[in-house]
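> The structure file run_21.txt (compact mmCIF, N, CA and C atoms) is provided below.
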# COMPACT_ATOMS: atom_id res chain seq x y z
N GLN Z 1 2.67 -25.26 7.73
CA GLN Z 1 2.42 -23.83 7.68
C GLN Z 1 3.67 -23.08 8.10
N LEU Z 2 4.10 -22.15 7.24
CA LEU Z 2 5.28 -21.36 7.54
C LEU Z 2 4.94 -20.33 8.61
N GLN Z 3 5.77 -20.27 9.64
CA GLN Z 3 5.52 -19.33 10.72
C GLN Z 3 6.81 -18.81 11.29
N LEU Z 4 6.82 -17.51 11.63
CA LEU Z 4 7.94 -16.86 12.27
C LEU Z 4 7.43 -16.19 13.53
N VAL Z 5 8.14 -16.37 14.63
CA VAL Z 5 7.74 -15.75 15.89
C VAL Z 5 8.95 -15.05 16.50
N GLU Z 6 8.84 -13.72 16.65
CA GLU Z 6 9.92 -12.95 17.24
C GLU Z 6 9.75 -12.86 18.76
N SER Z 7 10.87 -12.72 19.45
CA SER Z 7 10.85 -12.49 20.89
C SER Z 7 12.12 -11.76 21.29
N GLY Z 8 12.12 -11.24 22.51
CA GLY Z 8 13.32 -10.62 23.05
C GLY Z 8 13.32 -9.11 23.09
N GLY Z 9 12.28 -8.49 22.56
CA GLY Z 9 12.22 -7.04 22.60
C GLY Z 9 11.99 -6.52 24.01
N GLY Z 10 12.11 -5.20 24.15
CA GLY Z 10 11.88 -4.61 25.46
C GLY Z 10 12.41 -3.20 25.53
N LEU Z 11 12.47 -2.71 26.76
CA LEU Z 11 12.98 -1.36 27.03
C LEU Z 11 14.40 -1.48 27.57
N VAL Z 12 15.30 -0.70 26.99
CA VAL Z 12 16.70 -0.73 27.41
C VAL Z 12 17.26 0.68 27.35
N GLN Z 13 18.22 0.97 28.21
CA GLN Z 13 18.85 2.28 28.21
C GLN Z 13 19.88 2.38 27.09
N PRO Z 14 20.15 3.58 26.63
CA PRO Z 14 21.22 3.75 25.62
C PRO Z 14 22.52 3.12 26.10
N GLY Z 15 23.19 2.43 25.18
CA GLY Z 15 24.41 1.72 25.52
C GLY Z 15 24.18 0.29 25.94
N GLY Z 16 22.93 -0.07 26.16
CA GLY Z 16 22.61 -1.42 26.60
C GLY Z 16 22.52 -2.41 25.45
N SER Z 17 22.11 -3.63 25.79
CA SER Z 17 22.05 -4.72 24.81
C SER Z 17 20.71 -5.44 24.88
N LEU Z 18 20.32 -5.99 23.76
CA LEU Z 18 19.17 -6.88 23.67
C LEU Z 18 19.49 -7.97 22.68
N ARG Z 19 18.86 -9.12 22.88
CA ARG Z 19 19.01 -10.23 21.95
C ARG Z 19 17.64 -10.62 21.46
N LEU Z 20 17.41 -10.39 20.17
CA LEU Z 20 16.15 -10.78 19.55
C LEU Z 20 16.28 -12.18 18.97
N SER Z 21 15.19 -12.93 19.06
CA SER Z 21 15.16 -14.27 18.48
C SER Z 21 13.99 -14.41 17.52
N CYS Z 22 14.22 -15.16 16.48
CA CYS Z 22 13.17 -15.45 15.49
C CYS Z 22 13.07 -16.97 15.39
N ALA Z 23 12.00 -17.52 15.93
CA ALA Z 23 11.77 -18.96 15.87
C ALA Z 23 10.97 -19.28 14.62
N VAL Z 24 11.48 -20.19 13.81
CA VAL Z 24 10.83 -20.52 12.56
C VAL Z 24 10.24 -21.93 12.63
N SER Z 25 9.13 -22.12 11.96
CA SER Z 25 8.51 -23.45 11.88
C SER Z 25 7.86 -23.61 10.52
N GLY Z 26 7.74 -24.85 10.09
CA GLY Z 26 7.13 -25.13 8.81
C GLY Z 26 8.12 -25.14 7.65
N PHE Z 27 9.38 -24.81 7.92
CA PHE Z 27 10.42 -24.86 6.91
C PHE Z 27 11.77 -24.92 7.61
N THR Z 28 12.80 -25.18 6.84
CA THR Z 28 14.14 -25.25 7.43
C THR Z 28 14.96 -24.04 6.98
N LEU Z 29 15.97 -23.73 7.76
CA LEU Z 29 16.83 -22.59 7.45
C LEU Z 29 17.79 -22.91 6.31
N GLU Z 30 17.95 -24.18 5.99
CA GLU Z 30 18.94 -24.56 4.99
C GLU Z 30 18.69 -23.92 3.63
N ASP Z 31 17.43 -23.77 3.24
CA ASP Z 31 17.15 -23.23 1.91
C ASP Z 31 16.38 -21.92 1.98
N HIS Z 32 16.54 -21.20 3.10
CA HIS Z 32 15.88 -19.91 3.25
C HIS Z 32 16.86 -18.85 3.73
N SER Z 33 16.61 -17.62 3.32
CA SER Z 33 17.25 -16.46 3.93
C SER Z 33 16.33 -15.92 5.00
N ILE Z 34 16.93 -15.43 6.08
CA ILE Z 34 16.17 -14.79 7.14
C ILE Z 34 16.72 -13.38 7.32
N ALA Z 35 15.82 -12.43 7.42
CA ALA Z 35 16.24 -11.04 7.58
C ALA Z 35 15.48 -10.39 8.73
N TRP Z 36 16.11 -9.37 9.29
CA TRP Z 36 15.47 -8.54 10.31
C TRP Z 36 15.22 -7.15 9.73
N PHE Z 37 14.03 -6.63 10.02
CA PHE Z 37 13.65 -5.30 9.57
C PHE Z 37 13.16 -4.49 10.77
N ARG Z 38 13.18 -3.18 10.61
CA ARG Z 38 12.72 -2.29 11.68
C ARG Z 38 11.69 -1.33 11.09
N GLN Z 39 10.61 -1.13 11.85
CA GLN Z 39 9.55 -0.20 11.44
C GLN Z 39 9.35 0.84 12.51
N VAL Z 40 9.40 2.08 12.09
CA VAL Z 40 9.13 3.21 12.99
C VAL Z 40 7.91 3.94 12.44
N PRO Z 41 6.98 4.37 13.30
CA PRO Z 41 5.78 5.06 12.80
C PRO Z 41 6.13 6.22 11.90
N GLY Z 42 5.47 6.27 10.74
CA GLY Z 42 5.68 7.37 9.82
C GLY Z 42 6.86 7.18 8.88
N LYS Z 43 7.57 6.08 9.05
CA LYS Z 43 8.72 5.83 8.18
C LYS Z 43 8.58 4.46 7.50
N GLU Z 44 9.30 4.31 6.41
CA GLU Z 44 9.29 3.03 5.71
C GLU Z 44 10.06 1.97 6.52
N ARG Z 45 9.61 0.73 6.35
CA ARG Z 45 10.32 -0.37 6.98
C ARG Z 45 11.74 -0.45 6.39
N GLU Z 46 12.74 -0.58 7.26
CA GLU Z 46 14.11 -0.61 6.78
C GLU Z 46 14.80 -1.91 7.16
N GLY Z 47 15.64 -2.37 6.26
CA GLY Z 47 16.36 -3.61 6.50
C GLY Z 47 17.51 -3.41 7.46
N ILE Z 48 17.67 -4.32 8.40
CA ILE Z 48 18.71 -4.24 9.40
C ILE Z 48 19.83 -5.25 9.13
N SER Z 49 19.46 -6.49 8.93
CA SER Z 49 20.45 -7.53 8.72
C SER Z 49 19.79 -8.76 8.15
N CYS Z 50 20.59 -9.61 7.50
CA CYS Z 50 20.07 -10.88 7.00
C CYS Z 50 21.17 -11.92 7.05
N ILE Z 51 20.75 -13.19 6.96
CA ILE Z 51 21.70 -14.28 6.97
C ILE Z 51 21.20 -15.40 6.06
N ARG Z 52 22.15 -15.97 5.36
CA ARG Z 52 21.89 -17.15 4.54
C ARG Z 52 22.71 -18.24 5.20
N SER Z 53 22.08 -19.03 6.06
CA SER Z 53 22.83 -19.93 6.92
C SER Z 53 23.58 -21.00 6.13
N HIS Z 54 23.07 -21.34 4.96
CA HIS Z 54 23.72 -22.37 4.13
C HIS Z 54 25.15 -21.97 3.79
N SER Z 55 25.36 -20.68 3.50
CA SER Z 55 26.68 -20.20 3.12
C SER Z 55 27.38 -19.44 4.25
N GLY Z 56 26.58 -19.04 5.25
CA GLY Z 56 27.14 -18.22 6.32
C GLY Z 56 27.22 -16.75 5.98
N ARG Z 57 26.76 -16.38 4.81
CA ARG Z 57 26.85 -14.97 4.38
C ARG Z 57 25.85 -14.12 5.16
N THR Z 58 26.30 -12.93 5.50
CA THR Z 58 25.45 -11.98 6.22
C THR Z 58 25.55 -10.60 5.56
N VAL Z 59 24.54 -9.80 5.83
CA VAL Z 59 24.50 -8.41 5.38
C VAL Z 59 24.03 -7.57 6.55
N TYR Z 60 24.61 -6.38 6.69
CA TYR Z 60 24.20 -5.46 7.76
C TYR Z 60 23.97 -4.07 7.18
N ARG Z 61 23.01 -3.41 7.75
CA ARG Z 61 22.80 -2.00 7.45
C ARG Z 61 24.00 -1.23 8.02
N ASP Z 62 24.43 -0.19 7.31
CA ASP Z 62 25.63 0.53 7.74
C ASP Z 62 25.54 1.02 9.18
N SER Z 63 24.38 1.49 9.57
CA SER Z 63 24.24 2.10 10.90
C SER Z 63 24.36 1.10 12.05
N VAL Z 64 24.31 -0.19 11.75
CA VAL Z 64 24.38 -1.19 12.82
C VAL Z 64 25.66 -2.03 12.76
N LYS Z 65 26.46 -1.80 11.74
CA LYS Z 65 27.70 -2.58 11.60
C LYS Z 65 28.59 -2.36 12.82
N GLY Z 66 29.14 -3.45 13.33
CA GLY Z 66 29.99 -3.38 14.50
C GLY Z 66 29.23 -3.42 15.81
N ARG Z 67 27.91 -3.25 15.76
CA ARG Z 67 27.09 -3.26 16.98
C ARG Z 67 26.13 -4.45 17.02
N PHE Z 68 25.62 -4.85 15.86
CA PHE Z 68 24.65 -5.94 15.78
C PHE Z 68 25.32 -7.16 15.16
N THR Z 69 24.91 -8.33 15.62
CA THR Z 69 25.41 -9.58 15.06
C THR Z 69 24.24 -10.53 14.85
N ILE Z 70 24.11 -11.02 13.62
CA ILE Z 70 23.07 -11.98 13.31
C ILE Z 70 23.68 -13.38 13.29
N SER Z 71 22.94 -14.35 13.77
CA SER Z 71 23.42 -15.73 13.78
C SER Z 71 22.25 -16.68 13.62
N SER Z 72 22.55 -17.88 13.18
CA SER Z 72 21.49 -18.87 13.00
C SER Z 72 21.85 -20.16 13.71
N ASP Z 73 20.86 -20.81 14.22
CA ASP Z 73 21.01 -22.12 14.86
C ASP Z 73 20.08 -23.07 14.11
N ASN Z 74 20.65 -23.75 13.13
CA ASN Z 74 19.82 -24.59 12.27
C ASN Z 74 19.15 -25.74 13.04
N ALA Z 75 19.86 -26.25 14.05
CA ALA Z 75 19.30 -27.35 14.83
C ALA Z 75 18.06 -26.92 15.59
N GLU Z 76 18.06 -25.68 16.05
CA GLU Z 76 16.93 -25.13 16.81
C GLU Z 76 15.95 -24.37 15.92
N ASN Z 77 16.29 -24.24 14.64
CA ASN Z 77 15.46 -23.44 13.73
C ASN Z 77 15.23 -22.03 14.29
N MET Z 78 16.33 -21.39 14.62
CA MET Z 78 16.26 -20.09 15.27
C MET Z 78 17.30 -19.16 14.65
N VAL Z 79 16.92 -17.91 14.47
CA VAL Z 79 17.85 -16.86 14.04
C VAL Z 79 17.84 -15.78 15.11
N ASN Z 80 19.02 -15.40 15.55
CA ASN Z 80 19.15 -14.41 16.61
C ASN Z 80 19.79 -13.13 16.09
N LEU Z 81 19.43 -12.03 16.72
CA LEU Z 81 20.05 -10.73 16.42
C LEU Z 81 20.52 -10.15 17.75
N GLN Z 82 21.83 -10.18 17.95
CA GLN Z 82 22.43 -9.61 19.14
C GLN Z 82 22.67 -8.13 18.88
N MET Z 83 22.08 -7.28 19.71
CA MET Z 83 22.18 -5.84 19.52
C MET Z 83 22.90 -5.24 20.72
N ASN Z 84 24.06 -4.68 20.46
CA ASN Z 84 24.87 -4.06 21.51
C ASN Z 84 25.00 -2.56 21.26
N SER Z 85 25.43 -1.85 22.28
CA SER Z 85 25.63 -0.40 22.18
C SER Z 85 24.41 0.28 21.57
N LEU Z 86 23.26 -0.04 22.06
CA LEU Z 86 22.02 0.45 21.48
C LEU Z 86 21.88 1.95 21.63
N LYS Z 87 21.26 2.54 20.62
CA LYS Z 87 21.03 3.98 20.56
C LYS Z 87 19.52 4.23 20.48
N PRO Z 88 19.08 5.41 20.86
CA PRO Z 88 17.65 5.71 20.75
C PRO Z 88 17.10 5.51 19.33
N GLU Z 89 17.91 5.80 18.34
CA GLU Z 89 17.46 5.64 16.96
C GLU Z 89 17.33 4.17 16.53
N ASP Z 90 17.73 3.25 17.38
CA ASP Z 90 17.51 1.84 17.10
C ASP Z 90 16.09 1.39 17.49
N SER Z 91 15.35 2.26 18.13
CA SER Z 91 14.00 1.92 18.58
C SER Z 91 13.08 1.65 17.40
N GLY Z 92 12.11 0.78 17.64
CA GLY Z 92 11.13 0.46 16.61
C GLY Z 92 10.59 -0.94 16.81
N VAL Z 93 9.70 -1.33 15.92
CA VAL Z 93 9.21 -2.70 15.93
C VAL Z 93 10.10 -3.50 14.99
N TYR Z 94 10.66 -4.57 15.51
CA TYR Z 94 11.57 -5.41 14.73
C TYR Z 94 10.82 -6.65 14.25
N TYR Z 95 10.93 -6.89 12.96
CA TYR Z 95 10.29 -8.04 12.33
C TYR Z 95 11.35 -8.95 11.72
N CYS Z 96 11.14 -10.24 11.80
CA CYS Z 96 11.95 -11.15 11.01
C CYS Z 96 11.11 -11.64 9.83
N ALA Z 97 11.78 -11.96 8.75
CA ALA Z 97 11.11 -12.37 7.52
C ALA Z 97 11.93 -13.47 6.86
N ALA Z 98 11.25 -14.29 6.07
CA ALA Z 98 11.90 -15.42 5.42
C ALA Z 98 11.65 -15.41 3.93
N ARG Z 99 12.65 -15.84 3.21
CA ARG Z 99 12.54 -15.95 1.75
C ARG Z 99 13.21 -17.25 1.34
N ARG Z 100 12.54 -18.03 0.53
CA ARG Z 100 13.11 -19.28 0.07
C ARG Z 100 14.19 -18.99 -0.97
N GLU Z 101 15.37 -19.58 -0.76
CA GLU Z 101 16.53 -19.33 -1.63
C GLU Z 101 17.16 -20.66 -2.01
N PRO Z 102 16.52 -21.43 -2.88
CA PRO Z 102 17.05 -22.76 -3.19
C PRO Z 102 18.34 -22.73 -3.99
N PHE Z 103 18.60 -21.60 -4.69
CA PHE Z 103 19.74 -21.56 -5.59
C PHE Z 103 20.79 -20.53 -5.20
N ASN Z 104 20.48 -19.65 -4.28
CA ASN Z 104 21.41 -18.57 -3.95
C ASN Z 104 22.15 -18.84 -2.65
N ASN Z 105 23.33 -18.30 -2.55
CA ASN Z 105 24.12 -18.40 -1.32
C ASN Z 105 24.22 -17.06 -0.61
N PHE Z 106 23.39 -16.09 -1.00
CA PHE Z 106 23.47 -14.78 -0.39
C PHE Z 106 22.08 -14.37 0.08
N CYS Z 107 22.01 -13.23 0.78
CA CYS Z 107 20.73 -12.72 1.24
C CYS Z 107 20.65 -11.22 0.95
N SER Z 108 19.48 -10.67 1.18
CA SER Z 108 19.24 -9.26 0.91
C SER Z 108 18.38 -8.67 2.02
N ILE Z 109 18.54 -7.36 2.26
CA ILE Z 109 17.70 -6.69 3.25
C ILE Z 109 16.71 -5.75 2.57
N VAL Z 110 16.30 -6.13 1.38
CA VAL Z 110 15.23 -5.42 0.68
C VAL Z 110 13.91 -6.08 1.07
N SER Z 111 13.02 -5.35 1.69
CA SER Z 111 11.82 -5.95 2.28
C SER Z 111 10.86 -6.53 1.25
N SER Z 112 10.82 -5.95 0.07
CA SER Z 112 9.81 -6.37 -0.91
C SER Z 112 9.98 -7.79 -1.41
N ILE Z 113 11.14 -8.37 -1.23
CA ILE Z 113 11.36 -9.72 -1.76
C ILE Z 113 10.99 -10.80 -0.75
N TYR Z 114 10.63 -10.41 0.47
CA TYR Z 114 10.31 -11.39 1.51
C TYR Z 114 8.81 -11.64 1.57
N ALA Z 115 8.45 -12.91 1.62
CA ALA Z 115 7.04 -13.30 1.55
C ALA Z 115 6.44 -13.65 2.90
N THR Z 116 7.25 -14.10 3.84
CA THR Z 116 6.75 -14.57 5.12
C THR Z 116 7.31 -13.71 6.23
N TRP Z 117 6.42 -13.21 7.09
CA TRP Z 117 6.79 -12.26 8.13
C TRP Z 117 6.27 -12.71 9.49
N GLY Z 118 7.01 -12.31 10.53
CA GLY Z 118 6.53 -12.51 11.88
C GLY Z 118 5.66 -11.34 12.31
N GLN Z 119 5.23 -11.38 13.57
CA GLN Z 119 4.30 -10.37 14.07
C GLN Z 119 5.01 -9.15 14.64
N GLY Z 120 6.31 -9.25 14.86
CA GLY Z 120 7.10 -8.12 15.34
C GLY Z 120 7.29 -8.11 16.85
N THR Z 121 8.37 -7.47 17.29
CA THR Z 121 8.64 -7.28 18.70
C THR Z 121 9.17 -5.86 18.90
N GLN Z 122 8.67 -5.19 19.92
CA GLN Z 122 9.01 -3.78 20.14
C GLN Z 122 10.34 -3.65 20.86
N VAL Z 123 11.17 -2.77 20.33
CA VAL Z 123 12.43 -2.40 20.98
C VAL Z 123 12.40 -0.90 21.25
N THR Z 124 12.61 -0.54 22.50
CA THR Z 124 12.63 0.87 22.87
C THR Z 124 13.93 1.15 23.61
N VAL Z 125 14.69 2.09 23.06
CA VAL Z 125 15.95 2.49 23.68
C VAL Z 125 15.77 3.91 24.22
N SER Z 126 15.74 4.01 25.52
CA SER Z 126 15.43 5.31 26.13
C SER Z 126 15.91 5.31 27.58
N LEU Z 127 16.15 6.53 28.08
CA LEU Z 127 16.55 6.67 29.49
C LEU Z 127 15.35 6.41 30.39
Give the structure from this file in structure tokens form.

Amino acid sequence: QLQLVESGGGLVQPGGSLRLSCAVSGFTLEDHSIAWFRQVPGKEREGISCIRSHSGRTVYRDSVKGRFTISSDNAENMVNLQMNSLKPEDSGVYYCAARREPFNNFCSIVSSIYATWGQGTQVTVSL
């Protein structure tokens, strides 16, 4: 059974850091893309970052470039999102999602193409 479990969310002050983790089970990272998305009430879910660990290729949303870093640990079946210099607008529920990519070496942060999702973890950036 394919499963994703997010952890690491919490409350942090502006300028602070958080490290989100996405633990995957039931499949390997070798033939999957993993992406992080953010959901804010009243707004559409937006793509933050993704990684295709087989090729090492990553994609970032413009607003997080230079502040967020996505990485994968294939041995641990874990994908992490290091978030630095956090801003209030980074707040939201963060979800990780997986898509099987047997033939591609790239990933996408378009939510509609992802079939498997975690339950989400809340990130709040506030004084």
> Just how far from atom N of Ser25 (chain Z) is atom C of Met78 (chain Z), in Å to one decimal?
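Going from atom C of Met78 (chain Z) over to atom N of Ser25 (chain Z), I get 9.1 Å.
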> At what distance in Å, to one decimal, does CA of Ser111 (chain Z) lie from atom N of Trp36 (chain Z)?
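Separation of atom N of Trp36 (chain Z) and CA of Ser111 (chain Z): 8.9 Å.
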> From the DSSP assignment of the backbone, select every residue of chain Z that is strand (DSSP E or B), and format the answer as JSON, numbers by chain.
{"Z": [3, 4, 5, 6, 7, 10, 11, 12, 18, 19, 20, 21, 22, 23, 24, 25, 32, 33, 34, 35, 36, 37, 38, 39, 46, 47, 48, 49, 50, 51, 52, 57, 58, 59, 60, 68, 69, 70, 71, 72, 73, 78, 79, 80, 81, 82, 83, 92, 93, 94, 95, 96, 97, 98, 99, 100, 116, 117, 121, 122, 123, 124, 125]}
> Once you count only C-alpha atoms, which residues end up no further than 8 Å from (22.5, 3.5, 20.6) in the file's frame, shown as a ChimeraX atom specification?
/Z:14-16,84-90,125
> Region 12-27 of chain Z, all listed atoms, 3 Å padding on each side: what axis-aligned box centre and edge lengths in Å to one decimal come out, as AutoDock Vina command-line options?

--center_x 15.8 --center_y -10.7 --center_z 17.6 --size_x 23.3 --size_y 34.9 --size_z 27.3
> Kindly indicate which residue among Z:Glu44, Z:Arg67, Z:Val12, Z:Cys96 lies nearest to Gln119 (chain Z), using only C-alpha atoms for the distances.
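Distance minimum relative to Gln119 (chain Z) lands on Z:Cys96.
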> Work out how far apart atom N of Ile34 (chain Z) and atom N of Arg99 (chain Z) are and give it in Å to one decimal.
5.2 Å
> Between Z:Gln122, Z:Leu11, Z:Pro102, Z:Val93, which is the closest to Lys43 (chain Z) once you count only C-alpha atoms?
Z:Val93
> I'd like the neighbourhood of Thr58 (chain Z) as a VMD selection string, where a residue qualifies if any of its atoms comes within 8 Å (using only N, CA and C atoms), though same-chain residues fewer than 6 positions away should be ignored.
chain Z and resid 49 to 52 70 105 to 108
> Looking at Z:Val79, Z:Gly92, Z:Leu2, Z:Leu127, which one is nearest to Cys22 (chain Z), with distances taken over all atoms listed in the file?
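Counting all atoms listed in the file, the residue closest to Cys22 (chain Z) is Z:Val79.
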> Could you check the closest approach to Thr116 (chain Z) for each of Z:Phe68, Z:Asn77, Z:Gln13, Z:Gln3 and tell me which residue wins, using all atoms listed in the file?
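Closest to Thr116 (chain Z), using all atoms listed in the file: Z:Gln3.
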> Could you check the closest approach to Ile109 (chain Z) for each of Z:Leu18, Z:Met83, Z:Ala35, Z:Ala97 and tell me which residue wins, using only N, CA and C atoms?
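Comparing Z:Leu18, Z:Met83, Z:Ala35, Z:Ala97 against Ile109 (chain Z), the winner is Z:Ala35.
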> Around the point (20.8, -20.9, -2.7) (coordinates from the file), which residues reach within 8 Å if we count all atoms listed in the file? Answer as a list in words.
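Looking at atoms near the point gives Glu30, Asp31, His32, His54, Ser55, Arg100, Glu101, Pro102, Phe103, Asn104, Asn105 and Phe106 of chain Z.
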> Going by DSSP on the backbone, which residues of region 8-92 of chain Z come out as helix (DSSP H, G or I)? List them as a list in words.
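Taking region 8-92 of chain Z and keeping helix (DSSP H, G or I) only, one gets Leu29, Glu30, Asp31, Asp62, Ser63, Val64, Pro88, Glu89 and Asp90 of chain Z.
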> Just want the 6 Å neighbourhood of region 46-48 of chain Z, counted on only N, CA and C atoms, with same-chain residues fewer than 3 positions away dropped. Output as a VMD selection string.
chain Z and resid 36 to 39 59 to 61 109 to 110
> Would you mind putting back all heavy atoms on region 31-40 of chain Z, then writing it out as a PDB file, keeping the file's coordinate frame?

ATOM      1  N   ASP Z  31      17.430 -23.770   3.240  1.00  0.00           N
ATOM      2  CA  ASP Z  31      17.150 -23.230   1.910  1.00  0.00           C
ATOM      3  C   ASP Z  31      16.380 -21.920   1.980  1.00  0.00           C
ATOM      4  O   ASP Z  31      15.634 -21.574   1.051  1.00  0.00           O
ATOM      5  CB  ASP Z  31      16.386 -24.241   1.056  1.00  0.00           C
ATOM      6  CG  ASP Z  31      15.075 -24.686   1.674  1.00  0.00           C
ATOM      7  OD1 ASP Z  31      14.792 -24.291   2.825  1.00  0.00           O
ATOM      8  OD2 ASP Z  31      14.341 -25.418   1.006  1.00  0.00           O
ATOM      9  N   HIS Z  32      16.540 -21.200   3.100  1.00  0.00           N
ATOM     10  CA  HIS Z  32      15.880 -19.910   3.250  1.00  0.00           C
ATOM     11  C   HIS Z  32      16.860 -18.850   3.730  1.00  0.00           C
ATOM     12  O   HIS Z  32      17.807 -19.142   4.455  1.00  0.00           O
ATOM     13  CB  HIS Z  32      14.739 -19.984   4.269  1.00  0.00           C
ATOM     14  CG  HIS Z  32      13.496 -20.626   3.737  1.00  0.00           C
ATOM     15  ND1 HIS Z  32      13.385 -21.983   3.550  1.00  0.00           N
ATOM     16  CD2 HIS Z  32      12.308 -20.089   3.353  1.00  0.00           C
ATOM     17  CE1 HIS Z  32      12.178 -22.258   3.072  1.00  0.00           C
ATOM     18  NE2 HIS Z  32      11.511 -21.132   2.941  1.00  0.00           N
ATOM     19  N   SER Z  33      16.610 -17.620   3.320  1.00  0.00           N
ATOM     20  CA  SER Z  33      17.250 -16.460   3.930  1.00  0.00           C
ATOM     21  C   SER Z  33      16.330 -15.920   5.000  1.00  0.00           C
ATOM     22  O   SER Z  33      15.101 -15.914   4.823  1.00  0.00           O
ATOM     23  CB  SER Z  33      17.509 -15.370   2.890  1.00  0.00           C
ATOM     24  OG  SER Z  33      18.422 -15.794   1.913  1.00  0.00           O
ATOM     25  N   ILE Z  34      16.930 -15.430   6.080  1.00  0.00           N
ATOM     26  CA  ILE Z  34      16.170 -14.790   7.140  1.00  0.00           C
ATOM     27  C   ILE Z  34      16.720 -13.380   7.320  1.00  0.00           C
ATOM     28  O   ILE Z  34      17.942 -13.195   7.366  1.00  0.00           O
ATOM     29  CB  ILE Z  34      16.275 -15.550   8.472  1.00  0.00           C
ATOM     30  CG1 ILE Z  34      15.808 -16.996   8.320  1.00  0.00           C
ATOM     31  CG2 ILE Z  34      15.473 -14.834   9.557  1.00  0.00           C
ATOM     32  CD1 ILE Z  34      14.328 -17.146   8.005  1.00  0.00           C
ATOM     33  N   ALA Z  35      15.820 -12.430   7.420  1.00  0.00           N
ATOM     34  CA  ALA Z  35      16.240 -11.040   7.580  1.00  0.00           C
ATOM     35  C   ALA Z  35      15.480 -10.390   8.730  1.00  0.00           C
ATOM     36  O   ALA Z  35      14.370 -10.810   9.062  1.00  0.00           O
ATOM     37  CB  ALA Z  35      15.989 -10.269   6.286  1.00  0.00           C
ATOM     38  N   TRP Z  36      16.110  -9.370   9.290  1.00  0.00           N
ATOM     39  CA  TRP Z  36      15.470  -8.540  10.310  1.00  0.00           C
ATOM     40  C   TRP Z  36      15.220  -7.150   9.730  1.00  0.00           C
ATOM     41  O   TRP Z  36      16.108  -6.587   9.062  1.00  0.00           O
ATOM     42  CB  TRP Z  36      16.361  -8.410  11.537  1.00  0.00           C
ATOM     43  CG  TRP Z  36      16.391  -9.629  12.393  1.00  0.00           C
ATOM     44  CD1 TRP Z  36      17.293 -10.642  12.362  1.00  0.00           C
ATOM     45  CD2 TRP Z  36      15.464  -9.961  13.429  1.00  0.00           C
ATOM     46  NE1 TRP Z  36      16.994 -11.587  13.307  1.00  0.00           N
ATOM     47  CE2 TRP Z  36      15.865 -11.192  13.983  1.00  0.00           C
ATOM     48  CE3 TRP Z  36      14.326  -9.343  13.960  1.00  0.00           C
ATOM     49  CZ2 TRP Z  36      15.185 -11.826  15.033  1.00  0.00           C
ATOM     50  CZ3 TRP Z  36      13.647  -9.955  15.002  1.00  0.00           C
ATOM     51  CH2 TRP Z  36      14.072 -11.187  15.527  1.00  0.00           C
ATOM     52  N   PHE Z  37      14.030  -6.630  10.020  1.00  0.00           N
ATOM     53  CA  PHE Z  37      13.650  -5.300   9.570  1.00  0.00           C
ATOM     54  C   PHE Z  37      13.160  -4.490  10.770  1.00  0.00           C
ATOM     55  O   PHE Z  37      12.729  -5.048  11.781  1.00  0.00           O
ATOM     56  CB  PHE Z  37      12.546  -5.380   8.511  1.00  0.00           C
ATOM     57  CG  PHE Z  37      12.984  -6.058   7.253  1.00  0.00           C
ATOM     58  CD1 PHE Z  37      12.906  -7.438   7.128  1.00  0.00           C
ATOM     59  CD2 PHE Z  37      13.495  -5.323   6.195  1.00  0.00           C
ATOM     60  CE1 PHE Z  37      13.330  -8.075   5.973  1.00  0.00           C
ATOM     61  CE2 PHE Z  37      13.921  -5.949   5.032  1.00  0.00           C
ATOM     62  CZ  PHE Z  37      13.838  -7.330   4.925  1.00  0.00           C
ATOM     63  N   ARG Z  38      13.180  -3.180  10.610  1.00  0.00           N
ATOM     64  CA  ARG Z  38      12.720  -2.290  11.680  1.00  0.00           C
ATOM     65  C   ARG Z  38      11.690  -1.330  11.090  1.00  0.00           C
ATOM     66  O   ARG Z  38      11.861  -0.776  10.012  1.00  0.00           O
ATOM     67  CB  ARG Z  38      13.895  -1.510  12.266  1.00  0.00           C
ATOM     68  CG  ARG Z  38      13.508  -0.514  13.332  1.00  0.00           C
ATOM     69  CD  ARG Z  38      14.761   0.055  13.995  1.00  0.00           C
ATOM     70  NE  ARG Z  38      15.550   0.851  13.074  1.00  0.00           N
ATOM     71  CZ  ARG Z  38      16.887   0.881  13.091  1.00  0.00           C
ATOM     72  NH1 ARG Z  38      17.561   0.157  13.961  1.00  0.00           N
ATOM     73  NH2 ARG Z  38      17.542   1.648  12.240  1.00  0.00           N
ATOM     74  N   GLN Z  39      10.610  -1.130  11.850  1.00  0.00           N
ATOM     75  CA  GLN Z  39       9.550  -0.200  11.440  1.00  0.00           C
ATOM     76  C   GLN Z  39       9.350   0.840  12.510  1.00  0.00           C
ATOM     77  O   GLN Z  39       9.150   0.499  13.696  1.00  0.00           O
ATOM     78  CB  GLN Z  39       8.241  -0.983  11.223  1.00  0.00           C
ATOM     79  CG  GLN Z  39       7.085  -0.123  10.795  1.00  0.00           C
ATOM     80  CD  GLN Z  39       7.017   0.046   9.294  1.00  0.00           C
ATOM     81  OE1 GLN Z  39       6.871  -0.914   8.561  1.00  0.00           O
ATOM     82  NE2 GLN Z  39       7.116   1.285   8.824  1.00  0.00           N
ATOM     83  N   VAL Z  40       9.400   2.080  12.090  1.00  0.00           N
ATOM     84  CA  VAL Z  40       9.130   3.210  12.990  1.00  0.00           C
ATOM     85  C   VAL Z  40       7.910   3.940  12.440  1.00  0.00           C
ATOM     86  O   VAL Z  40       7.808   4.124  11.221  1.00  0.00           O
ATOM     87  CB  VAL Z  40      10.345   4.157  13.052  1.00  0.00           C
ATOM     88  CG1 VAL Z  40      10.043   5.370  13.914  1.00  0.00           C
ATOM     89  CG2 VAL Z  40      11.571   3.429  13.584  1.00  0.00           C
TER      90      VAL Z  40
END
